[in-house]
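A.B. asks: Take a look at this one; I'll ask things after.
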Amino acid sequence: MVHTCVVAGCRNRRTPGTALSFYRFPRDPERKQRWIAAVNREGWVPNDGSRLCSTHFISGKQVKNPRSPDYVPSVFSSTASLSENMKEASTCELSDKQEAQVEAANALLFLQGQGRFSGELVQNREEPDAEEAETTSSSMSSDDEDEDEEESDDETGQMSDCKVKVENLCRGAPACFIDYEASLKALRRENRALRESVEKMSLTEASLRNDAEKVSFYTGLPNYFVFETVMWLLAPHMKGDKNSKLSKFQQLLLTLMRLRLDLRNQDLAYRFGVKVATVTRTVHRIINIMSATLVPTAVFWPSRVELRKNLPAALKATHPDCAVIIDCFRVSLERPLDSELNQLNPAIAGNRMHYTPRASGASELKYLIGVAPQGVVTFVSQGSPGSVSDKCLAEGCGFLCKLLPGDVVLADHDLDIGESVAARGAQLKVTGSGDIGHGEGFPEMSCVPWAAAGNSLTPERLSVHRHVEKVISMVKKRYAILTGPVESPFIAMERASSMTTFDKIVQVACALNNLCISAAPLE
């Protein structure tokens, strides 16, 4: 089909071999109206066969991006029509300033979002004219197909032409325009660095999985594998429904951070993005779960065969029958004991803790801890007021029932339980000396006048003393919450278990300690 441009005075026609393109009027009503207004023919309405040649566009072709100057035809002449040769001459006569403006506009469009630009091209692409496709003339159909192919080629080639213009424009552009690519790369590097920084500071499974040092700092456990093992043991008993604000991983991590770093509940609430009440409930719930599942698994009295099989070299020569190393440690209270202990039946409390009426004003708790020579905690008592004697504490906590005839019990200082131990057929031996510093945070360790007793500190005895001191102090150093002061909510007595929450915390800390590397390496 031969098409003629509808612009008044333009005689350009579509003939074989022509380099011009002819465009249908847009289907979009708003854009179509703008084209009609640009043609400026009073009372004229385009039909399906109306065409507009490419000489009426600044760049020589239409552009379907509303931001482009060639979205609507804008080049019109009041003189006679332009032939193909005249069109080429007219294009050459465009001022350098006008060409630069067109190229800059197209380049800006490309740089602002070539993805959006190409998407609009596809989205706004006009469908082939159905009526023309159904014409009876085979020659007319062939002409329409050629026209559609040309228009499609024009549209799909716009992006590549834009890229070429951008490259040409960049060759002569100022340095600030060329630096766009470098700025983009710099922003990507900065974004990547920020992501890595956030990942390092976050407390997620991914950030802990390959960072054993981070796991140790926040939980006291040696690596993520041990943390995962504890998680596997506790998971069946933990609450992890969809409505829970904290995942199972976060619940365990929050509790371990509470024990390890002795962080306040408000601090943990900020870190995990929850309320203080949620932190309090989570810590108490996870402590109860660990007390019921982890403590029986990790804190137990080993057989005599296992003890002697793995006895450290420091004790083999001097104390081959050593079964346990014991000591008492104290933890200060935030407020003196008053009504918390008295909530119990006085008879039950008296039998369990052996405290006198003045114990209700005690300002500290006292615990008896037993550690195997290899550095594993094998026994820990419930807390008693600080005024309770060592003998009463040892006899009332069930420690003596663990001893067998012939066992040797080591202590860093005199606990005044020698007679009670001897009654079980065992022997208490004190390794401490007044000339040697005692474990940090253990004020119960007192000086023993070795010289007055006629004893001398031999190298073997010194080695034993250092070993005992190291084993006794490691638990308290690993979990800062054991250094006190103990918060009041933790010393409230639970009627069901006859234990305070802090009693469970001490036992859980000892169980977690047993999952770490021993203070005395096994042979």
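Chain identifiers are assigned as A, B, and so on, following the order in which chains appear in the structure tokens; residues are numbered from 1 within each chain, and ligands are numbered from 1 in order of appearance.
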Give me the residues within 7 Å of range 45-58 of chain A as a PyMOL selection string, counting only C-alpha atoms and dropping any in the same chain fewer than 2 places off.
C.D. replies: chain A and resi 3-6+20-25+43+60-62+70+73-76+87
A.B. asks: Please identify the helix (DSSP H, G or I) residues within range 247-425 of chain A (assignment by DSSP from backbone atoms) and present them as a VMD selection string.
C.D. replies: chain A and resid 248 to 261 265 to 272 276 to 298 304 to 309 313 to 316 339 to 342 346 to 353 357 to 361 390 to 396 400 to 402 418 to 422
A.B. asks: Please identify all polymer residues within 7 Å of Leu333 in chain A, counting only C-alpha atoms, omitting same-chain residues fewer than 2 positions from it, and present them as a list in words.
C.D. replies: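 Those residues are Val331, Arg335, Pro336, Ser363, Glu364, Gly484, Pro485, Val486 and Glu487 of chain A.
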A.B. asks: Could you dump the residues just selected with all heavy atoms as an mmCIF file, in the first residue's frame?
C.D. replies:
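Ended up saving to selection-v2.cif:
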```cif
data_model
loop_
_atom_site.group_PDB
_atom_site.id
_atom_site.type_symbol
_atom_site.label_atom_id
_atom_site.label_comp_id
_atom_site.auth_asym_id
_atom_site.auth_seq_id
_atom_site.Cartn_x
_atom_site.Cartn_y
_atom_site.Cartn_z
ATOM 1 N N VAL A 331 27.796 -15.922 96.852
ATOM 2 C CA VAL A 331 27.279 -14.961 95.879
ATOM 3 C C VAL A 331 26.447 -13.934 96.640
ATOM 4 O O VAL A 331 25.535 -14.307 97.386
ATOM 5 C CB VAL A 331 26.410 -15.639 94.803
ATOM 6 C CG1 VAL A 331 25.991 -14.625 93.741
ATOM 7 C CG2 VAL A 331 27.137 -16.803 94.164
ATOM 8 N N ARG A 335 19.310 -7.739 97.547
ATOM 9 C CA ARG A 335 18.646 -7.345 98.789
ATOM 10 C C ARG A 335 18.753 -8.499 99.784
ATOM 11 O O ARG A 335 18.732 -9.668 99.377
ATOM 12 C CB ARG A 335 17.168 -7.009 98.537
ATOM 13 C CG ARG A 335 16.959 -5.743 97.735
ATOM 14 C CD ARG A 335 15.488 -5.364 97.687
ATOM 15 N NE ARG A 335 14.667 -6.434 97.154
ATOM 16 C CZ ARG A 335 13.332 -6.355 97.041
ATOM 17 N NH1 ARG A 335 12.704 -5.268 97.452
ATOM 18 N NH2 ARG A 335 12.648 -7.354 96.538
ATOM 19 N N PRO A 336 18.872 -8.210 101.078
ATOM 20 C CA PRO A 336 18.984 -9.285 102.078
ATOM 21 C C PRO A 336 17.774 -10.205 102.039
ATOM 22 O O PRO A 336 16.664 -9.808 101.697
ATOM 23 C CB PRO A 336 19.066 -8.526 103.410
ATOM 24 C CG PRO A 336 19.524 -7.162 103.043
ATOM 25 C CD PRO A 336 18.951 -6.877 101.692
ATOM 26 N N SER A 363 22.789 -11.634 103.559
ATOM 27 C CA SER A 363 23.022 -10.821 102.363
ATOM 28 C C SER A 363 23.770 -11.578 101.279
ATOM 29 O O SER A 363 24.197 -10.986 100.293
ATOM 30 C CB SER A 363 23.823 -9.565 102.732
ATOM 31 O OG SER A 363 25.070 -9.927 103.292
ATOM 32 N N GLU A 364 23.920 -12.901 101.443
ATOM 33 C CA GLU A 364 24.621 -13.692 100.441
ATOM 34 C C GLU A 364 24.143 -15.143 100.505
ATOM 35 O O GLU A 364 23.574 -15.591 101.512
ATOM 36 C CB GLU A 364 26.134 -13.624 100.634
ATOM 37 C CG GLU A 364 26.613 -14.116 101.983
ATOM 38 C CD GLU A 364 28.091 -13.913 102.183
ATOM 39 O OE1 GLU A 364 28.734 -13.325 101.293
ATOM 40 O OE2 GLU A 364 28.615 -14.356 103.212
ATOM 41 N N GLY A 484 27.344 -12.314 91.087
ATOM 42 C CA GLY A 484 26.389 -11.486 91.824
ATOM 43 C C GLY A 484 26.513 -10.006 91.463
ATOM 44 O O GLY A 484 27.318 -9.610 90.619
ATOM 45 N N PRO A 485 25.709 -9.159 92.120
ATOM 46 C CA PRO A 485 24.677 -9.549 93.094
ATOM 47 C C PRO A 485 23.465 -10.181 92.411
ATOM 48 O O PRO A 485 23.135 -9.856 91.272
ATOM 49 C CB PRO A 485 24.314 -8.226 93.756
ATOM 50 C CG PRO A 485 24.599 -7.192 92.727
ATOM 51 C CD PRO A 485 25.785 -7.681 91.945
ATOM 52 N N VAL A 486 22.819 -11.099 93.150
ATOM 53 C CA VAL A 486 21.671 -11.822 92.628
ATOM 54 C C VAL A 486 20.434 -10.947 92.745
ATOM 55 O O VAL A 486 20.145 -10.399 93.810
ATOM 56 C CB VAL A 486 21.467 -13.141 93.400
ATOM 57 C CG1 VAL A 486 20.301 -13.922 92.801
ATOM 58 C CG2 VAL A 486 22.740 -13.970 93.381
ATOM 59 N N GLU A 487 19.692 -10.827 91.649
ATOM 60 C CA GLU A 487 18.473 -10.030 91.647
ATOM 61 C C GLU A 487 17.380 -10.736 92.446
ATOM 62 O O GLU A 487 17.304 -11.971 92.476
ATOM 63 C CB GLU A 487 18.003 -9.787 90.219
ATOM 64 C CG GLU A 487 19.016 -9.019 89.385
ATOM 65 C CD GLU A 487 18.570 -8.864 87.943
ATOM 66 O OE1 GLU A 487 17.351 -9.032 87.683
ATOM 67 O OE2 GLU A 487 19.409 -8.595 87.078
#
```
A.B. asks: If you count only C-alpha atoms, which residues fall within 6 Å of range 219-230 of chain A, apart from same-chain ones fewer than 2 positions away, as a ChimeraX atom specification?
C.D. replies: /A:209,212,215-217,232-233,256-257,260,516
A.B. asks: Tell me, in Å to one decimal, how far CA of Arg424 in chain A is from CA of Asp407 in chain A.
C.D. replies: 9.2 Å
A.B. asks: Find the residues around Val380 in chain A up to 8 Å (only C-alpha atoms counted), leave out those fewer than 3 positions away in its own chain, and share them as JSON, numbers by chain.
C.D. replies: {"A": [367, 368, 369, 370, 377, 506, 507, 510]}
A.B. asks: Keeping only N, CA and C atoms, take the residues you just selected and write them out as an mmCIF file, in the first residue's frame.
C.D. replies:
```
data_model
loop_
_atom_site.group_PDB
_atom_site.id
_atom_site.type_symbol
_atom_site.label_atom_id
_atom_site.label_comp_id
_atom_site.auth_asym_id
_atom_site.auth_seq_id
_atom_site.Cartn_x
_atom_site.Cartn_y
_atom_site.Cartn_z
ATOM 1 N N TYR A 367 27.192 -21.894 98.330
ATOM 2 C CA TYR A 367 27.041 -23.136 97.581
ATOM 3 C C TYR A 367 28.256 -24.028 97.783
ATOM 4 N N LEU A 368 28.012 -25.330 97.818
ATOM 5 C CA LEU A 368 29.081 -26.326 97.834
ATOM 6 C C LEU A 368 29.169 -26.935 96.444
ATOM 7 N N ILE A 369 30.353 -26.908 95.868
ATOM 8 C CA ILE A 369 30.546 -27.423 94.519
ATOM 9 C C ILE A 369 31.608 -28.509 94.548
ATOM 10 N N GLY A 370 31.346 -29.593 93.825
ATOM 11 C CA GLY A 370 32.302 -30.688 93.701
ATOM 12 C C GLY A 370 32.718 -30.860 92.252
ATOM 13 N N VAL A 377 32.390 -30.644 86.552
ATOM 14 C CA VAL A 377 31.568 -30.471 87.749
ATOM 15 C C VAL A 377 30.696 -31.712 87.926
ATOM 16 N N VAL A 506 22.730 -21.784 88.857
ATOM 17 C CA VAL A 506 24.043 -22.315 89.243
ATOM 18 C C VAL A 506 24.230 -23.705 88.659
ATOM 19 N N GLN A 507 23.212 -24.546 88.751
ATOM 20 C CA GLN A 507 23.320 -25.899 88.213
ATOM 21 C C GLN A 507 23.453 -25.884 86.692
ATOM 22 N N CYS A 510 26.941 -24.896 85.680
ATOM 23 C CA CYS A 510 27.869 -26.022 85.842
ATOM 24 C C CYS A 510 27.696 -27.041 84.717
#
```
A.B. asks: Please compute the CA of Ser488 in chain A-CA of Val371 in chain A distance, one decimal, in Å.
C.D. replies: 28.2 Å
A.B. asks: Using Å and a single decimal, report how far CA of Phe399 in chain A sits from CA of Ile326 in chain A.
C.D. replies: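 Separation of CA of Ile326 in chain A and CA of Phe399 in chain A: 9.9 Å.
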A.B. asks: What lies within 7 Å of range 317-325 of chain A using only C-alpha atoms, ignoring chain neighbours under 4 positions off, as a ChimeraX atom specification?
C.D. replies: /A:307,370-373,407-411,468
